[in-house]
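Participant: Take this structure, written in structure tokens, and hold onto it; I'll ask about it next.
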Amino acid sequence: MANIIKCPNCNEEIEITEALSQTIKADLEKELTEKIKEKYAEESLSKTKLLEEELKTKNQKLEEARDAELKIRQEKLKLEDEKKSFELDKQRQLDEERNKIRQQTLLEASDSHRLKDMEKEKMISDLKKALEDAQLKANQGSQQLQGEVLELDLEDYLRSAFPLDEINPVGKGVRGADVSQVVKTSLGTVCGVILWESKRTKAWVDDWATKLKADLRASKANIPVIVTTVLPKSLKTGFGFYDGVWVTEPAFTQPLAEILRKNLIDVAREKHHGNDRGTKADMIYSYLTSDAFVQQIQNIIEVHQKSLPSVKGLDLLES
């Protein structure tokens with residue numbers, strides 16, 4: 001009986017051994033349950049912590065992944081921006097180079113065009129100069145030809161008008177006038193020399209008289225005469241004595257030649273019997289260039305001025 005006790009709850013008798021066994025069992029179960037709960041709680045807590053840590057790790061990794069993705073996207077955007085900037089810079093450089101090439105091409109084209117214009121201008125200038133030179137040569141040749149024709153006309157006239165005289169044309173390159181007329185009598189006696197110079201220009205040149213006087217002294221002739229279409233301004237009557245030289249228009253050539261020739265013969269005859277033969281040429285020149293002689297010739301020519309016939313060969317001088 002000692003091993004039997006009454007249950008305070010249900011008033012049933014329980015064997016103490018059994019009761020103890022139940023109590024112990026209950027305690028054990030409770031203890032076991034609590035341990036299990038504790039263990040489960042610990043495991044749950046551990047799992048929770050583990051899960052939290054895993055979640056935290058995952059979240060951290062996810063955040064890192066997001067950051068990495070964001071960084072990658074940013075890098076991508078940056079690369080795209082840099083690429084766009086690079087392409088834009090390259091495009092600008094290409095445009096700039098194209099512009100430089102265009103400007104250089106335009107500059108070269110402009111220089112080439114300018115050089116071509118200069119070449120054309122030089123060609124035109126050279127052509128103008130060549131044309132001017134050709135015209136000058138043609139004019140010079142024409143003037144020279146006209147001069148030669150006038151000399152031949154004067155020579156032909158003197159030879160036909162005075163067959164007794166010796167008419168000598170002065171050669172080119174020889175100092176002297178155009179024609180030298182050696183006045184002779186019918187017996188062939190030399191009475192003196194007339195130097196003739198023919199001019200056909202647009203203006204009178206004072207050096208003509210100076211040169212002809214020098215030619216006169218060099219050739220030891222007696223009378224210098226210039227037949228010209230243009231007279232010095234001081235001569236108003238178509239002929240006259242200018243600076244030691246007789247100057248006449250073509251129309252007065254014949255009477256002037258006849259008077260000069262006659263006076264040369266008269267002076268020569270008058271001086272023929274004198275003793276001053278060495279100074280005959282000087283005396284003749286002094287007389288034939290004196291005021292009295294000049295006035296005498298002027299009076300004679302003025303009388304015949306209105307009735308002068310045309311002179312063969314010298315009409316060309318007036319044309």
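Chain labels follow the order of the structure tokens: the first chain is A, the next B, and so on; residue numbering restarts at 1 in every chain, and ligands are counted from 1 in their shown order.
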So that I can check the surroundings of stretch 238-250 of chain A, please list as a tab-separated table (two decimals) with C-alpha atoms, in the first residue's frame every protein, DNA and RNA residue that reaches within 6 Å of it, counting only C-alpha atoms and ignoring chain neighbours fewer than 6 positions away.
Facilitator:
```tsv
chain	number	residue	atom	x	y	z
A	224	PRO	CA	73.55	125.42	-146.68
A	225	VAL	CA	69.87	124.96	-147.64
A	226	ILE	CA	67.10	123.04	-145.87
A	227	VAL	CA	63.99	122.17	-147.89
A	228	THR	CA	61.23	121.40	-145.37
A	229	THR	CA	57.45	121.19	-145.10
```
Participant: Using DSSP secondary structure from the backbone, list all strand (DSSP E or B) positions within stretch 12-208 of chain A, as a PyMOL selection string.
Facilitator: chain A and resi 13-15+166-169+179-184+190-199
